[in-house]
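Chemist: Just dropping this structure here.
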Amino acid sequence: MVVTRAETVRWDDADPLAGFREEFALPDGLIYLDGNSLGALPRAAAARAADVVGREWGQGLIRSWNDAAWIDLPARVGGLIAGLIGAHADEVVAADSTSVNLFKLAAGALSLRPGRRVILSEPGNFPTDLYVMQGLARLLGDGVALRTVAAPDIAGALNEDVALLLLTHVHYKTGRVHDMAALTARAHAVGALTLWDLSHSAGALPVALNEAGADLAVGCGYKYLNGGPGAPAFLYVARHLHDAIQSPLSGWMGHAAPFAFDDTYSPAPGVARHLCGTPGVLAMSVLEEGVTLMARADRGALRTKSRRLGDLFIALVEERLPGVFTLVSPRDSAQRGSQVSFAHPQGYAIIQALIARGVVGDFRAPDILRFGVTPLYVRYCDVWDAVEHLVQVMRGEEWRQDRFQARNAVT
Ligand SMILES: *Cc1c(COP(=O)(O)O)cnc(C)c1O
């Protein structure tokens, strides 16, 4: 046996991040391997939500825009996120959803590259990334089009027709990591801008936007940042683009002086011009707690643990269920985000059978079982126990039961 359960317990005892698990309100007995899709609830977030609702809103009412600094939330939360993604605090704001932020930044980027008509991405990118670009191309007309080429061909497909390279840094299904610095350099060599989707990166692994020379980025608040269901997203604009790039959604919160109530839009300086409407104060306050908690953890320790958790998962599955699953994540943990994915034709039913046993992973069509290993609250022994459950599901063919076959609306 590669590793005994007792051994994994010893790893947990020696884990420098072990104390973080207590910061989360996790249900007893549940093994949660879906923090890559919806992060767990930080205890501080529950307390903050109660305070924002009861005191700041209930008692403070409209005064809280100033007294509780609600108006500063997008910049304040953005500044915290900046620290996790290798950016300056004045380059990031929390705002809107990832989908909306993709639209705003891609539209802004295209207007900085007049005459260029191609948005380059890869097939199998997260659907909303592709859909939003298709909608933007339709809106702009004039031959603007989304072009997708397989990952190994991206560098070769970058040419002077390309206005924008849009990639998800860590692939949502496989967990494969793109070389951000190399692809950004290659895009810049042909005069294209880059837009990185960090939804599966922020809080999952160290990101170095400034060091890579990245132009633009977006990402999700409800995955590794533990901001709660539908949490606000974030966006990043490199300083060198601050004066040039504009938002197509020129709302009043992105105005230089929103409370001057002028009839004419005049963009705020810096990244703030990419705000649109009034921030969702409840959601953003809760997100602030998730990000604050994440920011306390040592980046190196997080990455080391995430890689070891993934390696352990793969080793145990391959040892205990040889030939049953096909690994679709990179085997080399340096090339892998904070998740492990396997393919199996009965993937959906197997995931349902695991969930019934209290092991929550998820399924991604057509055949992928996806397990997030979030180092702030997943233990080595949880991985061991999850694989033990998987062994029992497969040996007993539990997945054959009818109740595990019917598809829910959300997988
Ligand atoms: C989760 C995710 C999104 C989510 O976008 P929403 O607008 O929040 O629905 C976008 N892109 C990627 C790569 C994701 O993983």
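FYI, nothing fancy with the structure tokens labels: chains A, B, ... in order, residues from 1 per chain, ligands from 1 as they appear.
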List every residue of stretch 365-393 of chain A that has an atom at most 10 Å from any atom of stretch 196-217 of chain A, giving for each one its closest atom pair and the distance in Å to one decimal, counting only C-alpha atoms, sorted by chain and then by ascending residue number, as a tab-separated table.
Modeler:
residue	atom	partner	partner_atom	distance
A:Gly372	CA	A:Ala204	CA	9.8
A:Val373	CA	A:Ala204	CA	9.1
A:Thr374	CA	A:Ala204	CA	7.3
A:Pro375	CA	A:Ala204	CA	8.4
A:Leu376	CA	A:Gly203	CA	9.7
Chemist: Hey, which bits of chain A sit within 6 Å of ligand 1, and for each residue what's the closest pair of atoms and how far apart in Å (one decimal), counting only C-alpha atoms and all ligand atoms, rows by chain and increasing number, as CSV?
Modeler:
residue,atom,partner,partner_atom_place_in_ligand_line,distance
A:Ser97,CA,ligand 1,7 (O),4.4
A:Thr98,CA,ligand 1,7 (O),3.9
A:Ser99,CA,ligand 1,7 (O),3.7
A:Phe126,CA,ligand 1,13 (C),4.8
A:Thr128,CA,ligand 1,10 (C),5.9
A:Asp129,CA,ligand 1,11 (N),5.9
A:Thr168,CA,ligand 1,13 (C),5.4
A:Tyr172,CA,ligand 1,15 (O),5.3
A:Asp197,CA,ligand 1,13 (C),5.7
A:Ser199,CA,ligand 1,15 (O),4.7
A:His200,CA,ligand 1,15 (O),5.7
A:Cys220,CA,ligand 1,8 (O),5.8
Chemist: Write out as a VMD selection string which residues come within 10 Å of A:Ala315 when counting only C-alpha atoms, dropping same-chain ones fewer than 6 positions away.
Modeler: chain A and resid 1 to 3 309 321 331
Chemist: Extract, using only C-alpha atoms, all DNA, RNA and protein residues at most 9 Å from stretch 397-407 of chain A, discarding same-chain residues fewer than 5 positions from it, and format them as a VMD selection string.
Modeler: chain A and resid 346 348 to 354 356 392
Chemist: Using backbone DSSP assignments, extract all helix (DSSP H, G or I) residues from stretch 73-153 of chain A; output them as a ChimeraX atom specification.
Modeler: /A:73-82,89-91,98-111,127-140,151-153
Chemist: Create the file for the chosen residues now, containing N, CA and C atoms and written as a short mmCIF file (atom, residue, chain, number, x, y, z; two decimals), in the first residue's frame.
Modeler:
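Saved to result-v1.cif:
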data_model
loop_
_atom_site.label_atom_id
_atom_site.label_comp_id
_atom_site.auth_asym_id
_atom_site.auth_seq_id
_atom_site.Cartn_x
_atom_site.Cartn_y
_atom_site.Cartn_z
N LEU A 73 -15.98 49.06 -0.69
CA LEU A 73 -15.86 47.60 -0.77
C LEU A 73 -15.22 47.10 -2.06
N PRO A 74 -15.64 47.58 -3.24
CA PRO A 74 -15.04 47.03 -4.47
C PRO A 74 -13.52 47.20 -4.51
N ALA A 75 -13.04 48.37 -4.11
CA ALA A 75 -11.59 48.62 -4.14
C ALA A 75 -10.90 47.87 -3.00
N ARG A 76 -11.55 47.83 -1.84
CA ARG A 76 -10.91 47.19 -0.69
C ARG A 76 -10.77 45.67 -0.89
N VAL A 77 -11.85 45.05 -1.34
CA VAL A 77 -11.80 43.61 -1.58
C VAL A 77 -10.87 43.33 -2.77
N GLY A 78 -10.93 44.18 -3.77
CA GLY A 78 -10.03 44.03 -4.92
C GLY A 78 -8.57 44.09 -4.49
N GLY A 79 -8.26 45.01 -3.59
CA GLY A 79 -6.89 45.15 -3.11
C GLY A 79 -6.41 43.90 -2.39
N LEU A 80 -7.30 43.27 -1.64
CA LEU A 80 -6.95 42.02 -0.95
C LEU A 80 -6.70 40.91 -1.97
N ILE A 81 -7.56 40.84 -2.97
CA ILE A 81 -7.41 39.80 -3.99
C ILE A 81 -6.11 40.02 -4.76
N ALA A 82 -5.76 41.28 -4.99
CA ALA A 82 -4.52 41.59 -5.73
C ALA A 82 -3.32 40.89 -5.10
N ALA A 89 -2.36 46.59 -5.61
CA ALA A 89 -3.70 46.76 -5.05
C ALA A 89 -4.58 47.66 -5.92
N ASP A 90 -3.99 48.62 -6.62
CA ASP A 90 -4.79 49.54 -7.44
C ASP A 90 -5.09 48.99 -8.83
N GLU A 91 -4.81 47.71 -9.04
CA GLU A 91 -5.10 47.11 -10.35
C GLU A 91 -6.30 46.17 -10.32
N THR A 98 -18.09 37.03 -13.13
CA THR A 98 -16.98 36.75 -14.05
C THR A 98 -17.43 36.95 -15.49
N SER A 99 -18.64 36.48 -15.81
CA SER A 99 -19.14 36.61 -17.18
C SER A 99 -19.20 38.07 -17.61
N VAL A 100 -19.76 38.91 -16.75
CA VAL A 100 -19.89 40.34 -17.09
C VAL A 100 -18.50 40.99 -17.19
N ASN A 101 -17.61 40.61 -16.30
CA ASN A 101 -16.26 41.19 -16.34
C ASN A 101 -15.52 40.77 -17.61
N LEU A 102 -15.76 39.54 -18.06
CA LEU A 102 -15.17 39.10 -19.33
C LEU A 102 -15.62 40.02 -20.46
N PHE A 103 -16.91 40.31 -20.45
CA PHE A 103 -17.46 41.17 -21.51
C PHE A 103 -16.82 42.56 -21.47
N LYS A 104 -16.78 43.13 -20.29
CA LYS A 104 -16.27 44.50 -20.17
C LYS A 104 -14.81 44.59 -20.63
N LEU A 105 -14.00 43.68 -20.14
CA LEU A 105 -12.57 43.78 -20.45
C LEU A 105 -12.26 43.39 -21.90
N ALA A 106 -12.97 42.40 -22.42
CA ALA A 106 -12.72 42.01 -23.81
C ALA A 106 -13.14 43.13 -24.76
N ALA A 107 -14.28 43.75 -24.47
CA ALA A 107 -14.73 44.86 -25.32
C ALA A 107 -13.72 46.01 -25.25
N GLY A 108 -13.25 46.30 -24.05
CA GLY A 108 -12.25 47.35 -23.89
C GLY A 108 -10.98 47.03 -24.65
N ALA A 109 -10.55 45.77 -24.57
CA ALA A 109 -9.31 45.35 -25.24
C ALA A 109 -9.45 45.48 -26.75
N LEU A 110 -10.60 45.07 -27.30
CA LEU A 110 -10.77 45.12 -28.76
C LEU A 110 -10.71 46.55 -29.26
N SER A 111 -11.24 47.48 -28.46
CA SER A 111 -11.20 48.86 -28.94
C SER A 111 -9.78 49.44 -28.88
N PRO A 127 -17.52 27.38 -20.69
CA PRO A 127 -18.53 27.83 -21.65
C PRO A 127 -18.79 29.33 -21.63
N THR A 128 -18.92 29.92 -20.45
CA THR A 128 -19.29 31.34 -20.45
C THR A 128 -18.22 32.19 -21.12
N ASP A 129 -16.98 31.80 -21.02
CA ASP A 129 -15.90 32.55 -21.67
C ASP A 129 -16.11 32.57 -23.18
N LEU A 130 -16.48 31.42 -23.72
CA LEU A 130 -16.70 31.35 -25.17
C LEU A 130 -18.00 32.03 -25.55
N TYR A 131 -19.05 31.80 -24.78
CA TYR A 131 -20.36 32.38 -25.12
C TYR A 131 -20.30 33.91 -25.10
N VAL A 132 -19.66 34.46 -24.08
CA VAL A 132 -19.61 35.92 -23.98
C VAL A 132 -18.83 36.50 -25.17
N MET A 133 -17.77 35.82 -25.59
CA MET A 133 -17.01 36.31 -26.74
C MET A 133 -17.84 36.21 -28.02
N GLN A 134 -18.65 35.13 -28.13
CA GLN A 134 -19.51 35.00 -29.31
C GLN A 134 -20.52 36.15 -29.34
N GLY A 135 -21.06 36.49 -28.18
CA GLY A 135 -22.02 37.60 -28.12
C GLY A 135 -21.36 38.93 -28.42
N LEU A 136 -20.16 39.12 -27.93
CA LEU A 136 -19.43 40.36 -28.19
C LEU A 136 -19.13 40.50 -29.68
N ALA A 137 -18.73 39.40 -30.30
CA ALA A 137 -18.43 39.42 -31.73
C ALA A 137 -19.69 39.80 -32.52
N ARG A 138 -20.83 39.24 -32.10
CA ARG A 138 -22.10 39.55 -32.77
C ARG A 138 -22.44 41.03 -32.62
N LEU A 139 -22.22 41.55 -31.44
CA LEU A 139 -22.52 42.95 -31.16
C LEU A 139 -21.63 43.88 -31.97
N LEU A 140 -20.36 43.56 -32.04
CA LEU A 140 -19.42 44.45 -32.73
C LEU A 140 -19.52 44.32 -34.24
N ALA A 151 -4.83 23.75 -27.25
CA ALA A 151 -3.78 24.34 -26.42
C ALA A 151 -2.37 24.28 -27.03
N PRO A 152 -1.95 23.15 -27.58
CA PRO A 152 -0.57 23.11 -28.09
C PRO A 152 -0.35 24.04 -29.29
N ASP A 153 -1.46 24.45 -29.95
CA ASP A 153 -1.33 25.26 -31.17
C ASP A 153 -1.51 26.75 -30.92
#
Chemist: Please indicate the distance in Å from atom CA of A:Leu166 to atom CA of A:Asn36, rounded to one decimal place.
Modeler: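 So the answer is 20.8 Å.
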Chemist: Could you list, with a cut-off of 8 Å and counting only C-alpha atoms, the residues of stretch 200-302 of chain A near stretch 43-61 of chain A, each shown with its nearest atom pair and the distance in Å rounded to one decimal, rows sorted by chain and ascending number, as a tab-separated table?
Modeler:
residue	atom	partner	partner_atom	distance
A:Leu282	CA	A:Ala49	CA	6.6
A:Ser285	CA	A:Arg48	CA	7.1
A:Val286	CA	A:Ala45	CA	5.0
A:Leu287	CA	A:Ala45	CA	7.5
A:Glu289	CA	A:Ala45	CA	5.3
A:Gly290	CA	A:Ala45	CA	6.7
Chemist: Output the selection as a short mmCIF file (atom, residue, chain, number, x, y, z; two decimals), in the first residue's frame - N, CA, C and O atoms for each residue.
Modeler:
data_model
loop_
_atom_site.label_atom_id
_atom_site.label_comp_id
_atom_site.auth_asym_id
_atom_site.auth_seq_id
_atom_site.Cartn_x
_atom_site.Cartn_y
_atom_site.Cartn_z
N LEU A 282 -24.06 43.11 0.66
CA LEU A 282 -24.10 41.90 1.50
C LEU A 282 -23.11 40.87 0.98
O LEU A 282 -22.30 40.31 1.72
N SER A 285 -19.39 41.96 1.31
CA SER A 285 -18.90 41.90 2.69
C SER A 285 -18.52 40.47 3.06
O SER A 285 -17.51 40.22 3.71
N VAL A 286 -19.36 39.55 2.64
CA VAL A 286 -19.10 38.13 2.92
C VAL A 286 -17.84 37.68 2.17
O VAL A 286 -16.97 37.00 2.73
N LEU A 287 -17.72 38.10 0.92
CA LEU A 287 -16.52 37.78 0.14
C LEU A 287 -15.26 38.31 0.82
O LEU A 287 -14.22 37.65 0.82
N GLU A 289 -14.58 38.47 3.85
CA GLU A 289 -14.13 37.55 4.91
C GLU A 289 -13.42 36.33 4.30
O GLU A 289 -12.40 35.88 4.83
N GLY A 290 -13.96 35.82 3.21
CA GLY A 290 -13.31 34.68 2.56
C GLY A 290 -11.91 35.04 2.08
O GLY A 290 -10.95 34.29 2.28
#
Chemist: Need the shell around A:Gly358: protein/DNA/RNA residues with any atom at most 9 Å away, counting only C-alpha atoms. Skip same-chain ones fewer than 4 positions apart. Format as an NGL selection string?
Modeler: :A and (29-32 or 353-354 or 386)
Chemist: So which residues touch A:Pro232 within 9 Å, counting only C-alpha atoms, skipping near sequence neighbours fewer than 3 positions away, as an MDAnalysis selection string?
Modeler: chainID A and resid 94:98 220:222 227:228 279:280 283:284 287
Chemist: Could you save those same residues with N, CA, C and O atoms as a CSV table (one decimal), in the first residue's frame?
Modeler:
chain,number,residue,atom,x,y,z
A,94,ALA,N,-13.3,44.3,-7.0
A,94,ALA,CA,-14.4,43.3,-7.0
A,94,ALA,C,-15.6,43.9,-7.6
A,94,ALA,O,-16.0,45.0,-7.3
A,95,ALA,N,-16.2,43.1,-8.5
A,95,ALA,CA,-17.4,43.7,-9.2
A,95,ALA,C,-18.1,42.6,-10.0
A,95,ALA,O,-17.5,41.7,-10.5
A,96,ASP,N,-19.4,42.8,-10.1
A,96,ASP,CA,-20.2,42.0,-11.1
A,96,ASP,C,-19.9,40.5,-11.0
A,96,ASP,O,-19.5,40.0,-10.0
A,97,SER,N,-20.2,39.8,-12.1
A,97,SER,CA,-19.9,38.4,-12.2
A,97,SER,C,-18.7,38.2,-13.1
A,97,SER,O,-18.3,39.1,-13.9
A,98,THR,N,-18.1,37.0,-13.1
A,98,THR,CA,-17.0,36.8,-14.0
A,98,THR,C,-17.4,37.0,-15.5
A,98,THR,O,-16.7,37.5,-16.3
A,220,CYS,N,-13.3,34.5,-10.2
A,220,CYS,CA,-14.5,34.1,-9.5
A,220,CYS,C,-14.3,34.3,-8.0
A,220,CYS,O,-13.3,34.0,-7.5
A,221,GLY,N,-15.4,34.7,-7.3
A,221,GLY,CA,-15.3,34.9,-5.9
A,221,GLY,C,-15.8,33.7,-5.1
A,221,GLY,O,-15.5,33.6,-3.9
A,222,TYR,N,-16.5,32.8,-5.7
A,222,TYR,CA,-17.2,31.8,-4.9
A,222,TYR,C,-16.5,30.4,-4.9
A,222,TYR,O,-17.0,29.5,-4.3
A,227,GLY,N,-16.2,33.0,-1.1
A,227,GLY,CA,-17.1,34.2,-1.0
A,227,GLY,C,-18.6,33.9,-0.9
A,227,GLY,O,-19.3,34.8,-0.8
A,228,GLY,N,-19.0,32.6,-1.0
A,228,GLY,CA,-20.4,32.3,-1.0
A,228,GLY,C,-21.0,32.2,-2.4
A,228,GLY,O,-20.5,32.8,-3.3
A,279,PRO,N,-22.5,48.3,-5.9
A,279,PRO,CA,-22.1,47.0,-5.5
A,279,PRO,C,-23.1,46.3,-4.6
A,279,PRO,O,-23.8,46.9,-3.8
A,280,GLY,N,-23.1,44.9,-4.7
A,280,GLY,CA,-23.9,44.1,-3.8
A,280,GLY,C,-23.2,44.1,-2.4
A,280,GLY,O,-22.3,43.2,-2.2
A,283,ALA,N,-23.2,40.6,-0.3
A,283,ALA,CA,-22.3,39.6,-0.9
A,283,ALA,C,-20.9,40.0,-0.8
A,283,ALA,O,-20.0,39.2,-0.6
A,284,MET,N,-20.6,41.3,-1.1
A,284,MET,CA,-19.2,41.7,-1.1
A,284,MET,C,-18.6,41.7,0.3
A,284,MET,O,-17.4,41.4,0.5
A,287,LEU,N,-17.7,38.1,0.9
A,287,LEU,CA,-16.5,37.8,0.1
A,287,LEU,C,-15.3,38.3,0.8
A,287,LEU,O,-14.2,37.7,0.8
Chemist: Please run DSSP on the backbone and report, as number ranges by chain, all residues within stretch 144-341 of chain A that come out as strand (DSSP E or B).
Modeler: A: 145-148, 162-168, 170, 176-177, 193-197, 216-219, 233-237, 255, 267, 326-327, 336, 339-341
Chemist: Figure out the distance between atom CA of A:Asp161 and atom CA of A:Leu235, please, to one decimal in Å.
Modeler: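 The value is 25.1 Å.
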Chemist: What separation in Å, quoted to one decimal, exists between atom CA of A:Glu22 and atom CA of A:Leu316?
Modeler: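 These atoms are spaced 26.3 Å apart.
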Chemist: Can you tell me which residues surround A:Arg10 at a distance of at most 10 Å, considering only C-alpha atoms, apart from same-chain residues fewer than 4 positions away, and format the answer as an NGL selection string?
Modeler: :A and (5-6 or 14-15 or 380-381)
Chemist: For a quick check of understanding, using only C-alpha atoms, which of A:Gly230, A:Gly124, A:Gly310, A:Gly396 has the smallest distance to A:Arg364?
Modeler: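 Using only C-alpha atoms, A:Arg364 sits closest to A:Gly124.
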